[in-house]
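A.B. asks: Structure supplied as model_25.cif; contents: mmCIF, C-alpha atoms and all ligand atoms.
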data_entry
#
loop_
_atom_site.label_atom_id
_atom_site.label_comp_id
_atom_site.auth_asym_id
_atom_site.auth_seq_id
_atom_site.Cartn_x
_atom_site.Cartn_y
_atom_site.Cartn_z
CA MET A 1 0.00 0.00 0.00
CA THR A 2 1.09 3.55 -0.45
CA ALA A 3 2.55 5.37 2.46
CA ARG A 4 2.27 8.87 3.70
CA ALA A 5 4.92 10.97 5.29
CA GLY A 6 2.64 11.41 8.23
CA THR A 7 4.20 10.66 11.55
CA GLY A 8 7.75 11.90 11.13
CA LYS A 9 8.18 15.62 10.92
CA GLU A 10 11.11 15.65 8.50
CA ALA A 11 9.35 13.28 6.12
CA HIS A 12 6.50 15.80 5.73
CA GLU A 13 8.65 18.57 4.49
CA PRO A 14 8.18 19.09 0.78
CA GLY A 15 11.41 18.84 -1.13
CA LEU A 16 13.11 16.61 1.41
CA LYS A 17 15.12 13.99 -0.39
CA PRO A 18 15.56 10.46 0.92
CA ARG A 19 19.21 9.85 1.74
CA LEU A 20 20.28 6.51 0.37
CA GLY A 21 23.54 4.71 0.90
CA VAL A 22 24.76 3.21 -2.35
CA SER A 23 27.63 1.08 -3.62
CA THR A 24 29.81 3.68 -5.31
CA CYS A 25 30.31 1.67 -8.51
CA LEU A 26 26.55 1.78 -9.21
CA LEU A 27 26.85 5.55 -9.60
CA GLY A 28 29.34 5.14 -12.44
CA GLU A 29 32.54 5.63 -10.45
CA ASN A 30 35.50 3.58 -11.66
CA VAL A 31 36.18 1.83 -8.37
CA ARG A 32 35.81 -1.83 -9.34
CA TYR A 33 38.75 -4.21 -9.03
CA ASP A 34 39.29 -3.96 -12.80
CA GLY A 35 39.03 -0.16 -12.87
CA ALA A 36 35.53 -0.26 -14.34
CA ASP A 37 32.21 0.92 -12.96
CA LYS A 38 28.85 -0.82 -12.69
CA SER A 39 26.62 2.10 -13.52
CA ASP A 40 22.98 1.06 -13.66
CA PRO A 41 21.20 3.52 -15.97
CA LEU A 42 17.74 2.10 -15.26
CA LEU A 43 18.23 2.53 -11.54
CA LEU A 44 19.71 6.01 -11.84
CA ARG A 45 16.90 7.11 -14.11
CA ALA A 46 14.27 5.68 -11.76
CA PHE A 47 15.65 7.56 -8.74
CA GLY A 48 16.48 10.60 -10.85
CA ASN A 49 17.48 13.55 -8.74
CA HIS A 50 14.86 12.71 -6.12
CA VAL A 51 17.30 11.10 -3.72
CA GLU A 52 20.55 12.14 -2.12
CA TRP A 53 23.14 9.42 -2.57
CA VAL A 54 25.68 8.59 0.10
CA PRO A 55 28.27 6.56 -1.84
CA VAL A 56 30.30 3.86 -0.12
CA CYS A 57 32.93 1.62 -1.70
CA PRO A 58 34.13 -0.73 1.04
CA GLU A 59 37.11 -2.05 -0.91
CA VAL A 60 38.52 1.32 -1.93
CA GLU A 61 37.65 2.99 1.37
CA CYS A 62 39.43 0.30 3.37
CA GLY A 63 42.59 1.15 1.45
CA MET A 64 42.66 -1.17 -1.53
CA THR A 65 43.86 0.13 -4.88
CA VAL A 66 42.16 0.47 -8.25
CA PRO A 67 42.83 -1.79 -10.03
CA ARG A 68 43.32 -4.58 -7.48
CA ASP A 69 43.26 -8.35 -7.34
CA PRO A 70 39.77 -9.76 -7.60
CA MET A 71 38.43 -11.28 -4.38
CA HIS A 72 35.84 -13.81 -3.32
CA LEU A 73 34.25 -15.15 -0.16
CA ALA A 74 35.88 -18.28 1.21
CA ASP A 75 35.70 -20.98 3.85
CA ASP A 76 32.62 -21.09 6.13
CA PRO A 77 29.41 -19.66 4.59
CA ASP A 78 28.24 -18.77 8.13
CA SER A 79 31.33 -16.70 8.75
CA PRO A 80 33.05 -16.19 5.39
CA LEU A 81 36.49 -14.76 4.80
CA LEU A 82 37.33 -12.20 2.13
CA VAL A 83 40.32 -13.46 0.17
CA THR A 84 42.14 -12.50 -3.03
CA THR A 85 41.35 -15.06 -5.69
CA ALA A 86 44.81 -15.42 -7.21
CA THR A 87 46.92 -15.50 -4.03
CA GLY A 88 44.48 -16.49 -1.28
CA GLU A 89 45.51 -13.48 0.80
CA ASP A 90 43.06 -12.95 3.67
CA GLN A 91 41.64 -9.39 3.63
CA THR A 92 38.95 -10.03 6.24
CA GLY A 93 40.61 -8.27 9.18
CA ARG A 94 41.37 -5.16 7.16
CA MET A 95 37.81 -4.99 5.87
CA GLN A 96 36.20 -5.64 9.26
CA THR A 97 38.29 -2.95 10.95
CA TRP A 98 37.17 -0.42 8.32
CA ILE A 99 33.55 -1.60 8.54
CA ARG A 100 33.41 -0.96 12.28
CA SER A 101 34.43 2.67 11.96
CA ARG A 102 32.46 3.34 8.75
CA LEU A 103 29.24 2.01 10.28
CA ASP A 104 29.68 4.45 13.14
CA GLU A 105 29.88 7.26 10.58
CA LEU A 106 26.89 5.95 8.64
CA ALA A 107 24.85 5.83 11.84
CA ARG A 108 25.11 9.63 11.87
CA GLU A 109 24.07 10.00 8.20
CA ASP A 110 20.33 9.61 8.77
CA LEU A 111 20.03 7.17 5.89
CA TRP A 112 16.63 6.00 4.71
CA GLY A 113 17.92 2.87 3.02
CA PHE A 114 20.72 1.28 1.02
CA VAL A 115 21.15 0.14 -2.58
CA LEU A 116 23.99 -2.35 -2.85
CA LYS A 117 25.83 -3.99 -5.74
CA SER A 118 24.68 -7.57 -6.15
CA ARG A 119 27.05 -10.56 -6.00
CA SER A 120 30.03 -8.57 -4.72
CA PRO A 121 32.00 -10.25 -1.88
CA SER A 122 31.82 -6.90 -0.08
CA CYS A 123 28.48 -5.39 -1.13
CA GLY A 124 26.27 -8.32 -2.23
CA ARG A 125 23.35 -8.53 0.14
CA SER A 126 22.72 -12.26 -0.45
CA ALA A 127 23.64 -15.26 -2.59
CA VAL A 128 27.32 -14.36 -2.97
CA PRO A 129 29.18 -17.62 -3.71
CA VAL A 130 31.46 -18.88 -0.93
CA LEU A 131 34.24 -21.16 -2.17
CA ASN A 132 36.15 -23.83 -0.25
CA SER A 133 39.91 -24.38 -0.43
CA THR A 134 39.60 -26.37 -3.66
CA GLY A 135 37.58 -23.61 -5.33
CA ALA A 136 34.33 -25.57 -5.14
CA LEU A 137 31.12 -23.92 -4.02
CA ALA A 138 30.71 -24.27 -0.26
CA GLY A 139 27.52 -22.19 0.00
CA GLU A 140 26.28 -18.64 -0.27
CA ALA A 141 26.41 -15.62 2.01
CA ALA A 142 26.07 -11.87 2.09
CA GLY A 143 29.16 -9.78 1.34
CA LEU A 144 30.99 -8.61 4.45
CA PHE A 145 29.85 -5.00 4.29
CA ALA A 146 26.26 -5.89 3.36
CA ALA A 147 26.04 -8.33 6.28
CA ALA A 148 27.37 -5.69 8.66
CA VAL A 149 24.85 -3.07 7.40
CA ALA A 150 21.97 -5.51 7.92
CA GLY A 151 23.21 -6.34 11.42
CA ARG A 152 23.80 -2.77 12.54
CA PHE A 153 20.73 -1.16 10.91
CA PRO A 154 18.00 -3.80 10.97
CA LEU A 155 15.25 -1.25 10.23
CA LEU A 156 16.94 0.09 7.13
CA PRO A 157 15.46 -1.13 3.84
CA VAL A 158 18.28 -2.68 1.82
CA ALA A 159 18.06 -3.86 -1.78
CA ASP A 160 20.45 -4.70 -4.57
CA GLU A 161 20.29 -3.15 -7.99
CA ARG A 162 19.23 -6.37 -9.70
CA SER A 163 16.20 -6.98 -7.52
CA LEU A 164 15.06 -3.37 -7.98
CA HIS A 165 14.50 -4.04 -11.68
CA ASP A 166 11.45 -6.04 -10.62
CA ASP A 167 8.48 -3.66 -10.40
CA SER A 168 6.93 -5.19 -7.30
CA VAL A 169 10.28 -5.22 -5.46
CA TRP A 170 10.86 -1.61 -6.51
CA ASP A 171 7.44 -0.58 -5.30
CA ASN A 172 7.90 -2.34 -2.00
CA PHE A 173 11.36 -0.85 -1.50
CA ILE A 174 10.08 2.71 -1.97
CA GLU A 175 7.14 2.05 0.33
CA ARG A 176 9.42 0.62 3.02
CA LEU A 177 11.78 3.60 2.72
CA PHE A 178 9.02 6.02 3.60
CA CYS A 179 7.24 3.84 6.15
CA LEU A 180 10.28 2.82 8.16
CA LYS A 181 11.73 6.32 8.05
CA ARG A 182 8.45 7.63 9.42
CA TYR A 183 8.54 5.09 12.19
CA ARG A 184 12.12 5.93 13.15
CA ASP A 185 11.28 9.64 13.13
CA SER A 186 8.18 9.07 15.23
CA MET A 187 10.32 7.37 17.88
CA ARG A 188 12.95 10.13 17.95
CA PRO A 189 14.53 11.70 19.85
CA LYS A 190 12.94 9.74 22.62
CA GLY A 191 10.06 7.51 21.68
CA SER A 192 6.96 7.07 23.78
CA ARG A 193 4.16 4.56 23.98
CA GLU A 194 1.82 7.22 22.67
CA SER A 195 3.87 7.85 19.53
CA LEU A 196 4.18 4.12 18.86
CA ILE A 197 0.43 3.63 19.32
CA ALA A 198 -0.32 6.60 17.04
CA PHE A 199 2.01 5.24 14.37
CA HIS A 200 0.35 1.84 14.58
CA ALA A 201 -3.16 3.27 14.34
CA ALA A 202 -2.25 5.31 11.24
CA HIS A 203 -0.70 2.31 9.47
CA GLU A 204 -3.19 -0.46 10.11
CA LEU A 205 -4.54 -0.61 6.56
CA GLN A 206 -1.08 -0.41 5.04
CA LEU A 207 0.15 -3.24 7.26
CA MET A 208 -2.99 -5.25 6.56
CA ALA A 209 -2.08 -5.31 2.87
CA HIS A 210 1.34 -6.73 3.67
CA ASP A 211 0.82 -9.35 6.33
CA GLN A 212 -2.39 -9.84 8.26
CA ASP A 213 -0.87 -12.41 10.65
CA VAL A 214 1.91 -10.06 11.66
CA LEU A 215 -0.57 -7.19 11.92
CA ARG A 216 -2.58 -9.30 14.39
CA GLU A 217 0.57 -9.85 16.48
CA MET A 218 1.32 -6.13 16.34
CA GLY A 219 -2.21 -5.36 17.51
CA GLU A 220 -1.83 -7.75 20.46
CA LEU A 221 1.49 -6.16 21.35
CA VAL A 222 0.06 -2.65 21.20
CA ALA A 223 -2.90 -3.76 23.34
CA GLN A 224 -0.52 -4.76 26.14
CA SER A 225 1.81 -1.81 25.63
CA LYS A 226 1.20 -0.38 29.10
CA GLU A 227 2.42 -3.59 30.71
CA LEU A 228 5.78 -3.61 28.92
CA PRO A 229 8.88 -1.50 29.45
CA LEU A 230 9.19 0.93 26.52
CA ASP A 231 12.51 -0.57 25.36
CA GLU A 232 11.03 -4.03 25.11
CA LEU A 233 7.84 -2.75 23.49
CA SER A 234 9.67 -0.79 20.83
CA ALA A 235 12.18 -3.59 20.09
CA ARG A 236 9.38 -6.11 19.61
CA TYR A 237 7.30 -3.66 17.57
CA GLU A 238 10.22 -2.80 15.29
CA GLU A 239 10.91 -6.46 14.63
CA LEU A 240 7.27 -7.07 13.68
CA LEU A 241 7.10 -3.92 11.55
CA ARG A 242 10.20 -4.93 9.63
CA THR A 243 8.83 -8.45 9.13
CA ALA A 244 5.47 -7.17 7.89
CA MET A 245 6.92 -4.61 5.50
CA GLU A 246 9.40 -7.06 4.00
CA LEU A 247 6.54 -9.07 2.57
CA VAL A 248 5.52 -7.60 -0.76
CA ALA A 249 1.83 -6.64 -0.86
CA THR A 250 0.29 -8.20 -3.97
CA PRO A 251 -2.29 -6.35 -6.08
CA ALA A 252 -4.91 -8.81 -4.78
CA GLN A 253 -4.01 -8.01 -1.15
CA ASN A 254 -4.03 -4.28 -1.87
CA ALA A 255 -7.40 -4.59 -3.58
CA ASP A 256 -8.87 -6.52 -0.63
CA VAL A 257 -7.74 -3.82 1.79
CA LEU A 258 -9.13 -1.07 -0.45
CA LEU A 259 -12.45 -2.92 -0.58
CA HIS A 260 -12.34 -3.07 3.21
CA ALA A 261 -11.85 0.71 3.27
CA LEU A 262 -14.59 1.17 0.71
CA GLY A 263 -16.90 -0.75 3.05
CA HIS A 264 -16.42 2.04 5.62
CA LEU A 265 -16.80 4.74 3.00
CA GLU A 266 -19.67 3.61 0.82
CA ARG A 267 -22.51 4.96 2.93
CA TYR A 268 -21.26 8.45 2.05
CA LEU A 269 -20.89 7.78 -1.67
CA SER A 270 -23.33 8.17 -4.53
CA PRO A 271 -23.91 4.98 -6.58
CA GLY A 272 -21.72 6.44 -9.34
CA GLU A 273 -18.86 7.24 -6.95
CA ARG A 274 -19.05 3.77 -5.45
CA GLN A 275 -18.96 2.23 -8.92
CA ASP A 276 -15.95 4.35 -9.92
CA ALA A 277 -14.11 3.21 -6.81
CA LEU A 278 -14.96 -0.43 -7.40
CA GLU A 279 -13.78 -0.25 -10.98
CA VAL A 280 -10.37 1.20 -10.21
CA ILE A 281 -9.83 -1.22 -7.34
CA GLU A 282 -10.55 -4.14 -9.65
CA GLU A 283 -8.34 -2.60 -12.35
CA HIS A 284 -5.51 -2.61 -9.84
CA ARG A 285 -6.27 -6.21 -8.84
CA GLY A 286 -6.11 -7.21 -12.50
CA GLY A 287 -2.80 -5.40 -13.07
CA ARG A 288 -4.30 -2.72 -15.32
CA ALA A 289 -3.79 0.19 -12.92
CA SER A 290 -1.04 1.03 -10.47
CA LEU A 291 -1.93 1.19 -6.81
CA THR A 292 -1.80 4.95 -6.82
CA VAL A 293 -4.91 5.11 -9.05
CA PRO A 294 -7.43 3.62 -6.56
CA THR A 295 -5.71 5.08 -3.50
CA LYS A 296 -5.83 8.58 -4.99
CA LEU A 297 -9.49 8.20 -5.92
CA LEU A 298 -10.49 6.86 -2.50
CA GLY A 299 -8.31 9.51 -0.88
CA ARG A 300 -10.24 12.24 -2.68
CA GLN A 301 -13.56 10.70 -1.64
CA ILE A 302 -12.38 10.41 1.97
CA GLN A 303 -11.43 14.10 1.96
CA LYS A 304 -14.67 15.13 0.28
CA TYR A 305 -16.82 13.40 2.92
CA HIS A 306 -14.48 14.10 5.86
CA VAL A 307 -14.22 10.46 6.90
CA GLU A 308 -11.67 11.14 9.56
CA HIS A 309 -10.77 7.64 10.70
CA LEU A 310 -9.85 6.77 7.10
CA ALA A 311 -8.20 10.13 6.41
CA ALA A 312 -5.68 9.29 9.12
CA GLN A 313 -4.63 6.09 7.35
CA SER A 314 -1.17 6.26 5.83
CA CYS A 315 -2.23 4.59 2.59
CA PHE A 316 -4.43 7.53 1.59
CA THR A 317 -2.03 10.36 2.23
CA ALA A 318 1.10 9.40 0.38
CA HIS A 319 3.93 11.89 0.23
CA PRO A 320 4.11 13.32 -3.34
CA LEU A 321 7.71 12.22 -3.62
CA GLU A 322 6.80 8.68 -2.72
CA LEU A 323 4.14 8.65 -5.43
CA LYS A 324 6.58 10.08 -7.93
CA LEU A 325 9.21 7.46 -7.13
CA ARG A 326 6.72 4.62 -7.19
CA SER A 327 5.63 5.43 -10.71
CA ARG A 328 9.17 5.29 -12.05
CA PRO A 329 9.78 6.21 -15.68
S1 LIG B 401 30.74 -3.70 -5.38
FE1 LIG B 401 31.15 -2.50 -3.55
S2 LIG B 401 33.30 -2.88 -3.07
FE2 LIG B 401 32.97 -3.52 -5.19
S3 LIG B 401 33.50 -1.74 -6.39
FE3 LIG B 401 31.31 -1.64 -6.05
S4 LIG B 401 31.13 -0.37 -4.23
FE4 LIG B 401 33.24 -1.03 -4.33
#
As structure tokens, how would this structure be written, given the file I've shared?

C.D. replies:
Amino acid sequence: MTARAGTGKEAHEPGLKPRLGVSTCLLGENVRYDGADKSDPLLLRAFGNHVEWVPVCPEVECGMTVPRDPMHLADDPDSPLLVTTATGEDQTGRMQTWIRSRLDELAREDLWGFVLKSRSPSCGRSAVPVLNSTGALAGEAAGLFAAAVAGRFPLLPVADERSLHDDSVWDNFIERLFCLKRYRDSMRPKGSRESLIAFHAAHELQLMAHDQDVLREMGELVAQSKELPLDELSARYEELLRTAMELVATPAQNADVLLHALGHLERYLSPGERQDALEVIEEHRGGRASLTVPTKLLGRQIQKYHVEHLAAQSCFTAHPLELKLRSRP
């Protein structure tokens, strides 16, 4: 479902650009081991100038040269080493030392998410081959930097450039950027039960489209929020929020949630308005209209009839920048 920039103050401000960490080579910088880049024109065009990139090249920033010996992941897939392919030189310690200090810097960057280069032993977020001492495949893992980013910033949406070519993954990534940023903002500088409960109430329909089971768990957690220490409440809520938002909402799930909303709205609508809403919802279910079409129409109807409990729902008040990014060129 679409998301609004509703609970976090910064996310409301028109013109604010999402700050995204990115593997430097994806921006066209010649930092690869062979002196080349991995510019991704489709990706760059889709983000346009709507985001502020924070480039990171783990291999160059940890002191390696361009060009340099190619490397791969080796040994144990659960705890892989970074080694040079030709000589077997272990670069793990050097990389991990740099990672520790760079993650501290990135923690101060207020990033909304990360776009990483796929299949790199440093940046690949999953499925990077891990080889044993004979050069045979021992398994797969995340690159060292990607694994560290996921561990240090569990609420940060992370994707690789390949997966973002898929429309539904792209859509979900943009939605998660805005939703999780809003949540983090709503819990800053010092979160409260009230802000967490308000965030939850405003996102129920959006979460319903992603994962109804997790939404039920979130509801139970929020219901007992007064009995839990805030730290525990917010840690458990964050985990559930991340889990729910990772699941891509299908057009059918979105359509079901919009029909649910229409059920609350229809007593205000004329027969023609109701029919218009039904048609665009079904067009979205059938893949003939993007999600923004029915959500915009219902959003206008909600405003027209002042249906306040729906007007507060994040899915009907998307930030213009989110809408722009979601309908990528
Ligand atoms: S994949 Fe990562 S480490 Fe490799 S060149 Fe690109 S940014 Fe640098």

A.B. asks: Nearest residue to Pro80 (chain A) out of A:Gly143, A:Gly113, A:Gly272, A:Gly299, using all atoms listed in the file?

C.D. replies: A:Gly143

A.B. asks: Give as a PyMOL selection string the residues surrounding ligand LIG 401 (chain B) up to a distance of 7 Å, considering only C-alpha atoms and all ligand atoms.

C.D. replies: chain A and resi 23-26+31-33+56-60+117+120+122-123

A.B. asks: Would you list the contacts of region 67-76 of chain A as a PDB file with C-alpha atoms, keeping the file's coordinate frame, taking every protein, DNA or RNA residue within 6 Å and counting all atoms listed in the file, but skipping same-chain residues closer than 5 positions in sequence?

C.D. replies:
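Result went into part-v7.pdb, see below:
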ATOM      1  CA  TYR A  33      38.750  -4.210  -9.030  1.00  0.00           C
ATOM      2  CA  ASP A  34      39.290  -3.960 -12.800  1.00  0.00           C
ATOM      3  CA  GLY A  35      39.030  -0.160 -12.870  1.00  0.00           C
ATOM      4  CA  LEU A  81      36.490 -14.760   4.800  1.00  0.00           C
ATOM      5  CA  LEU A  82      37.330 -12.200   2.130  1.00  0.00           C
ATOM      6  CA  VAL A  83      40.320 -13.460   0.170  1.00  0.00           C
ATOM      7  CA  THR A  84      42.140 -12.500  -3.030  1.00  0.00           C
ATOM      8  CA  THR A  85      41.350 -15.060  -5.690  1.00  0.00           C
ATOM      9  CA  PRO A 121      32.000 -10.250  -1.880  1.00  0.00           C
ATOM     10  CA  VAL A 130      31.460 -18.880  -0.930  1.00  0.00           C
ATOM     11  CA  LEU A 131      34.240 -21.160  -2.170  1.00  0.00           C
ATOM     12  CA  ASN A 132      36.150 -23.830  -0.250  1.00  0.00           C
TER      13      ASN A 132
END

A.B. asks: Is there a way to get, as a list of chain:residue names, all residues within 10 Å of the point (6.5, 2.5, 3.1) in file coordinates, counting all atoms listed in the file?

C.D. replies: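 Result, sorted by chain then residue number: A:Met1, A:Thr2, A:Ala3, A:Arg4, A:Ala5, A:Pro157, A:Asp171, A:Asn172, A:Phe173, A:Ile174, A:Glu175, A:Arg176, A:Leu177, A:Phe178, A:Cys179, A:Leu180, A:Lys181, A:Arg182, A:Tyr183, A:His203, A:Gln206, A:Leu207, A:Met245, A:Ser314, A:Cys315, A:Ala318, A:Glu322.
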
A.B. asks: Which residues are close to Leu44 (chain A), i.e. within 12 Å by all atoms listed in the file, leaving aside same-chain residues fewer than 6 positions away? Reply as a list of chain:residue names.

C.D. replies: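 Using all atoms listed in the file, the neighbours found are A:Val22, A:Cys25, A:Leu26, A:Leu27, A:Gly28, A:Lys38, A:His50, A:Val51, A:Glu52, A:Trp53, A:Val115, A:Glu161, A:Leu164, A:His165, A:Leu325, A:Arg328, A:Pro329.
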
A.B. asks: Those residues you just picked out, can you put them in a file as an mmCIF file, keeping the file's coordinate frame with C-alpha atoms?

C.D. replies:
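New file selection.cif:
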data_model
loop_
_atom_site.group_PDB
_atom_site.id
_atom_site.type_symbol
_atom_site.label_atom_id
_atom_site.label_comp_id
_atom_site.auth_asym_id
_atom_site.auth_seq_id
_atom_site.Cartn_x
_atom_site.Cartn_y
_atom_site.Cartn_z
ATOM 1 C CA VAL A 22 24.760 3.210 -2.350
ATOM 2 C CA CYS A 25 30.310 1.670 -8.510
ATOM 3 C CA LEU A 26 26.550 1.780 -9.210
ATOM 4 C CA LEU A 27 26.850 5.550 -9.600
ATOM 5 C CA GLY A 28 29.340 5.140 -12.440
ATOM 6 C CA LYS A 38 28.850 -0.820 -12.690
ATOM 7 C CA HIS A 50 14.860 12.710 -6.120
ATOM 8 C CA VAL A 51 17.300 11.100 -3.720
ATOM 9 C CA GLU A 52 20.550 12.140 -2.120
ATOM 10 C CA TRP A 53 23.140 9.420 -2.570
ATOM 11 C CA VAL A 115 21.150 0.140 -2.580
ATOM 12 C CA GLU A 161 20.290 -3.150 -7.990
ATOM 13 C CA LEU A 164 15.060 -3.370 -7.980
ATOM 14 C CA HIS A 165 14.500 -4.040 -11.680
ATOM 15 C CA LEU A 325 9.210 7.460 -7.130
ATOM 16 C CA ARG A 328 9.170 5.290 -12.050
ATOM 17 C CA PRO A 329 9.780 6.210 -15.680
#

A.B. asks: Give me the residues within 10 Å of Leu262 (chain A) as a ChimeraX atom specification, counting all atoms listed in the file and dropping any in the same chain fewer than 6 places off.

C.D. replies: /A:256,268-269,274,277-278,281,298,301-302,310

A.B. asks: Mind giving me the straight-line distance from CA of Ala127 (chain A) to CA of Glu140 (chain A) in Å, one decimal?

C.D. replies: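 According to the coordinates, CA of Ala127 (chain A) and CA of Glu140 (chain A) are separated by 4.9 Å.
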
A.B. asks: Find the distance between CA of Thr134 (chain A) and CA of Met64 (chain A) and write it in Å to one decimal.

C.D. replies: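 Taking CA of Thr134 (chain A) and CA of Met64 (chain A), their separation equals 25.5 Å.
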
A.B. asks: Please indicate the distance in Å from CA of Leu297 (chain A) to CA of Gly219 (chain A), rounded to one decimal place.

C.D. replies: 28.0 Å

A.B. asks: From (-2.9, 5.0, -8.5), in the file's coordinates, out to 10 Å: which residues are reached, counting all atoms listed in the file? Answer as an NGL selection string.

C.D. replies: :A and (2 or 280-281 or 284 or 289-298 or 323 or 326-327)

A.B. asks: Here is a test: counting only C-alpha atoms, which residue of A:Ala201, A:Leu321, A:Ala159, A:Val307 is nearest to Ala142 (chain A)?

C.D. replies: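 Of A:Ala201, A:Leu321, A:Ala159, A:Val307, the one nearest Ala142 (chain A), counting only C-alpha atoms, is A:Ala159.
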
A.B. asks: Of the residues A:Val169, A:Pro229, A:Tyr305, A:Met95, which is the one nearest to Glu266 (chain A), using only C-alpha atoms?

C.D. replies: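 Ranking A:Val169, A:Pro229, A:Tyr305, A:Met95 by distance to Glu266 (chain A), first place goes to A:Tyr305.
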
A.B. asks: Residues near Ala252 (chain A), anyone? I mean within 9 Å using all atoms listed in the file, not counting same-chain ones fewer than 2 positions away, as a list in words.

C.D. replies: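 My list of contacting residues is Ala209, Ala249, Thr250, Asn254, Ala255, Asp256, Val257, Glu282, His284, Arg285 and Gly286 of chain A.
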
A.B. asks: In terms of the shortest atom-to-atom distance over only C-alpha atoms, which of A:Asp211, A:Gly48, A:Arg100, A:Leu205 is closest to His260 (chain A)?

C.D. replies: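 Result for the nearest residue to His260 (chain A): A:Leu205.
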
A.B. asks: Smallest atom-to-atom distance to Leu259 (chain A): which of A:Glu279, A:Glu61, A:Glu217, A:Glu239, using all atoms listed in the file?

C.D. replies: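 The shortest atom-to-atom distance to Leu259 (chain A) comes from A:Glu279.
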